[in-house]
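Q: Here's a structure for you.
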Amino acid sequence: MAYIQKNNPYKVTSCGRRRTFMQEDSPLNKGRCYDGFKPNPDGRPASAKGSCVPIKKLRKTTRGKGRHFLSAKEGAGMTAAGRKAYKKENPGSTLSAPVTGKVKPGSKAAKRRKSFCARSKSWKSKRGLAARRRWKC
């Protein structure tokens with residue numbers, strides 16, 4: 001006798017499989033898009049072809065206009081524009097600039113630097129070492 005799954009929310013098709021994308025409770029049938037996609041601004045329903053477009057991700061480049069990261073020679077890490085773009089894409093994030101200047105011992109910035117240096121102690125790549133140098137670890 002075949003194993004029968006109990007309490008599976010998806011129905012068995014004629015070939016014996018469970019096709020989750022064809023069910024009534026699929027995100028597309030509820031007027032929503034899958035993760036990583038957003039509704040197309042032209043107003044088509046989510047079930048129509050081409051109605052969900054991919055969400056634009058942050059460009060990870062160290063060269064050219066609009067770059068968001070510093071090169072390893074410059075000390076690695078994000079640029080101010082990169083941090084601004086990241087905060088816009090991830091509301092509520094607490095990303096802030098690295099502690100690169102002189103700080104008072106025991107201050108908030110000094111504690112942040114100490115924490116970063118402890119976390120990044122094992123970084124051996126070119127960019128990792130450049131970032132540690134920039135933070136003065």
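Numbering starts fresh at 1 for the residues of each chain in the structure tokens, the chains themselves are lettered A, B, ... in the order given, and ligands are numbered from 1 as they appear.
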I'd like the neighbourhood of region 110-126 of chain A as a ChimeraX atom specification, where a residue qualifies if any of its atoms comes within 10 Å (using only C-alpha atoms), though same-chain residues fewer than 5 positions away should be ignored.
A: /A:71-73,75-76,98-105,131-133,135-137
Q: Just the selected residues (all heavy atoms), exported as a compact mmCIF listing (two decimals), in the first residue's frame, please.
A:
```txt
# COMPACT_ATOMS: atom_id res chain seq x y z
N SER A 71 37.43 50.42 -3.77
CA SER A 71 38.34 49.35 -4.18
C SER A 71 39.21 48.97 -2.98
O SER A 71 39.25 49.68 -1.97
CB SER A 71 39.21 49.82 -5.34
OG SER A 71 40.10 50.84 -4.89
N ALA A 72 39.94 47.89 -3.11
CA ALA A 72 40.80 47.43 -2.01
C ALA A 72 41.92 48.45 -1.75
O ALA A 72 42.33 48.64 -0.60
CB ALA A 72 41.38 46.07 -2.34
N LYS A 73 42.41 49.09 -2.81
CA LYS A 73 43.47 50.11 -2.63
C LYS A 73 42.96 51.29 -1.80
O LYS A 73 43.72 51.89 -1.05
CB LYS A 73 43.95 50.63 -3.99
CG LYS A 73 44.87 49.69 -4.71
CD LYS A 73 45.34 50.31 -6.00
CE LYS A 73 46.22 49.35 -6.77
NZ LYS A 73 46.61 49.88 -8.07
N GLY A 75 40.74 51.11 0.51
CA GLY A 75 40.38 50.69 1.86
C GLY A 75 39.12 49.86 1.96
O GLY A 75 38.62 49.62 3.04
N ALA A 76 38.59 49.40 0.81
CA ALA A 76 37.39 48.55 0.78
C ALA A 76 36.21 49.24 1.46
O ALA A 76 36.25 50.41 1.76
CB ALA A 76 37.67 47.19 1.38
N PRO A 98 32.35 53.73 8.68
CA PRO A 98 33.37 53.13 9.55
C PRO A 98 34.02 54.18 10.45
O PRO A 98 34.02 55.37 10.14
CB PRO A 98 34.38 52.56 8.56
CG PRO A 98 34.18 53.32 7.31
CD PRO A 98 32.73 53.69 7.28
N VAL A 99 34.56 53.72 11.54
CA VAL A 99 35.26 54.60 12.48
C VAL A 99 36.70 54.66 12.01
O VAL A 99 37.48 53.73 12.23
CB VAL A 99 35.17 54.06 13.92
CG1 VAL A 99 35.90 54.97 14.88
CG2 VAL A 99 33.73 53.88 14.33
N THR A 100 37.07 55.77 11.34
CA THR A 100 38.41 55.86 10.76
C THR A 100 39.29 56.89 11.46
O THR A 100 40.49 56.87 11.30
CB THR A 100 38.32 56.22 9.27
OG1 THR A 100 37.58 57.44 9.14
CG2 THR A 100 37.64 55.13 8.48
N GLY A 101 38.69 57.80 12.20
CA GLY A 101 39.48 58.85 12.83
C GLY A 101 39.93 58.49 14.23
O GLY A 101 39.81 57.36 14.69
N LYS A 102 40.47 59.51 14.92
CA LYS A 102 40.92 59.32 16.30
C LYS A 102 39.70 59.39 17.22
O LYS A 102 38.84 60.24 17.03
CB LYS A 102 41.93 60.41 16.66
CG LYS A 102 42.67 60.15 17.92
CD LYS A 102 43.82 61.12 18.09
CE LYS A 102 44.57 60.74 19.36
NZ LYS A 102 45.77 61.55 19.52
N VAL A 103 39.62 58.48 18.19
CA VAL A 103 38.46 58.44 19.09
C VAL A 103 38.92 58.39 20.54
O VAL A 103 40.02 57.95 20.85
CB VAL A 103 37.56 57.22 18.79
CG1 VAL A 103 36.89 57.35 17.45
CG2 VAL A 103 38.32 55.93 18.87
N LYS A 104 38.03 58.86 21.43
CA LYS A 104 38.30 58.79 22.87
C LYS A 104 38.16 57.35 23.34
O LYS A 104 37.21 56.68 22.95
CB LYS A 104 37.30 59.65 23.65
CG LYS A 104 37.58 61.12 23.67
CD LYS A 104 36.58 61.78 24.60
CE LYS A 104 36.77 63.27 24.63
NZ LYS A 104 35.75 63.92 25.47
N PRO A 105 39.06 56.89 24.19
CA PRO A 105 38.92 55.52 24.72
C PRO A 105 37.61 55.37 25.49
O PRO A 105 37.25 56.25 26.29
CB PRO A 105 40.12 55.36 25.65
CG PRO A 105 41.07 56.45 25.27
CD PRO A 105 40.25 57.55 24.69
N ALA A 131 39.98 46.60 4.57
CA ALA A 131 38.94 47.14 5.45
C ALA A 131 39.48 47.27 6.88
O ALA A 131 39.24 48.29 7.56
CB ALA A 131 37.73 46.23 5.43
N ARG A 132 40.23 46.27 7.34
CA ARG A 132 40.80 46.32 8.70
C ARG A 132 41.81 47.48 8.81
O ARG A 132 41.87 48.15 9.83
CB ARG A 132 41.47 44.99 9.04
CG ARG A 132 40.48 43.89 9.38
CD ARG A 132 41.15 42.59 9.70
NE ARG A 132 42.12 42.68 10.78
CZ ARG A 132 41.83 42.72 12.08
NH1 ARG A 132 40.58 42.67 12.46
NH2 ARG A 132 42.78 42.78 12.99
N ARG A 133 42.56 47.71 7.73
CA ARG A 133 43.52 48.82 7.73
C ARG A 133 42.77 50.16 7.82
O ARG A 133 43.17 51.07 8.54
CB ARG A 133 44.35 48.74 6.46
CG ARG A 133 45.76 49.16 6.61
CD ARG A 133 46.66 48.92 5.42
NE ARG A 133 46.04 48.72 4.12
CZ ARG A 133 45.96 47.56 3.50
NH1 ARG A 133 46.41 46.45 4.06
NH2 ARG A 133 45.40 47.48 2.31
N TRP A 135 39.85 50.73 9.14
CA TRP A 135 39.27 50.87 10.49
C TRP A 135 40.36 51.04 11.54
O TRP A 135 40.06 51.23 12.71
CB TRP A 135 38.44 49.63 10.82
CG TRP A 135 37.05 49.65 10.28
CD1 TRP A 135 36.66 49.44 9.00
CD2 TRP A 135 35.84 49.84 11.04
NE1 TRP A 135 35.30 49.48 8.91
CE2 TRP A 135 34.77 49.73 10.14
CE3 TRP A 135 35.57 50.07 12.38
CZ2 TRP A 135 33.45 49.86 10.54
CZ3 TRP A 135 34.25 50.21 12.77
CH2 TRP A 135 33.21 50.11 11.86
N LYS A 136 41.63 50.93 11.15
CA LYS A 136 42.79 51.03 12.05
C LYS A 136 42.77 49.93 13.11
O LYS A 136 42.90 50.18 14.30
CB LYS A 136 42.84 52.40 12.72
CG LYS A 136 43.05 53.52 11.71
CD LYS A 136 43.22 54.86 12.36
CE LYS A 136 43.51 55.89 11.31
NZ LYS A 136 42.73 57.09 11.45
N CYS A 137 42.61 48.69 12.64
CA CYS A 137 42.64 47.53 13.53
C CYS A 137 44.08 47.08 13.73
O CYS A 137 44.86 47.10 12.83
CB CYS A 137 41.84 46.37 12.94
SG CYS A 137 40.08 46.70 12.90
```
Q: Could you write out, as a PyMOL selection string, all the residues of region 2-137 of chain A that DSSP marks as helix (DSSP H, G or I)?
A: chain A and resi 20-22+80-89+108-119+126-134
Q: Which residue out of A:Gly66, A:Thr79, A:Arg17, A:Lys57 has the minimum interatomic distance to Gly36 (chain A) when only C-alpha atoms are used?
A: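 Result for the nearest residue to Gly36 (chain A): A:Lys57.
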Q: Please indicate the distance in Å from CA of Thr62 (chain A) to CA of Pro91 (chain A), rounded to one decimal place.
A: 23.5 Å
Q: I want to know what sits within 10 Å of Pro54 (chain A), based on only C-alpha atoms, with residues of the same chain fewer than 3 positions away left out; could you give that as an NGL selection string?
A: :A and (33-40 or 57)
Q: What is the distance, in Å and to one decimal place, between CA of Val53 (chain A) and CA of Pro41 (chain A)?
A: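 Separating CA of Val53 (chain A) from CA of Pro41 (chain A) is a distance of 9.1 Å.
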Q: Fewer than 4 positions away in the same chain doesn't count, so skip those; otherwise give me all residues within 9 Å of Phe69 (chain A), counting only C-alpha atoms, as a short mmCIF file (atom, residue, chain, number, x, y, z; two decimals) with N, CA and C atoms, in the first residue's frame.
A:
```
data_model
loop_
_atom_site.label_atom_id
_atom_site.label_comp_id
_atom_site.auth_asym_id
_atom_site.auth_seq_id
_atom_site.Cartn_x
_atom_site.Cartn_y
_atom_site.Cartn_z
N LYS A 60 26.79 46.04 -7.09
CA LYS A 60 28.00 45.79 -6.32
C LYS A 60 29.21 46.02 -7.22
N THR A 61 29.60 47.29 -7.38
CA THR A 61 30.72 47.61 -8.25
C THR A 61 31.68 48.58 -7.56
N THR A 62 32.95 48.50 -7.92
CA THR A 62 33.96 49.38 -7.33
C THR A 62 34.47 50.37 -8.36
N ARG A 63 33.90 50.37 -9.56
CA ARG A 63 34.35 51.26 -10.62
C ARG A 63 33.19 52.01 -11.25
N ALA A 76 38.59 49.40 0.81
CA ALA A 76 37.39 48.55 0.78
C ALA A 76 36.21 49.24 1.46
N GLY A 77 35.12 48.52 1.70
CA GLY A 77 33.93 49.09 2.34
C GLY A 77 33.03 49.82 1.37
N MET A 78 31.95 50.37 1.89
CA MET A 78 30.96 51.06 1.06
C MET A 78 31.24 52.56 0.98
N THR A 79 30.82 53.16 -0.11
CA THR A 79 30.89 54.61 -0.24
C THR A 79 29.68 55.22 0.46
N ALA A 80 29.69 56.54 0.62
CA ALA A 80 28.54 57.22 1.25
C ALA A 80 27.29 57.01 0.40
N ALA A 81 27.45 57.06 -0.93
CA ALA A 81 26.31 56.84 -1.83
C ALA A 81 25.81 55.40 -1.70
N GLY A 82 26.72 54.47 -1.52
CA GLY A 82 26.36 53.07 -1.35
C GLY A 82 25.57 52.84 -0.07
#
```
Q: Might you pull out every residue within 10 Å of Lys84 (chain A), with only C-alpha atoms counted and same-chain residues fewer than 6 positions away left off, and present them as a ChimeraX atom specification?
A: /A:68,78,90,95-96
Q: Could you tell me, as a list of chain:residue names, which residues of chain A DSSP assigns to strand (DSSP E) when given the backbone?
A: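 Residues of chain A classed as strand (DSSP E): A:Phe37, A:Lys38, A:Pro39, A:Cys52, A:Val53, A:Pro54.
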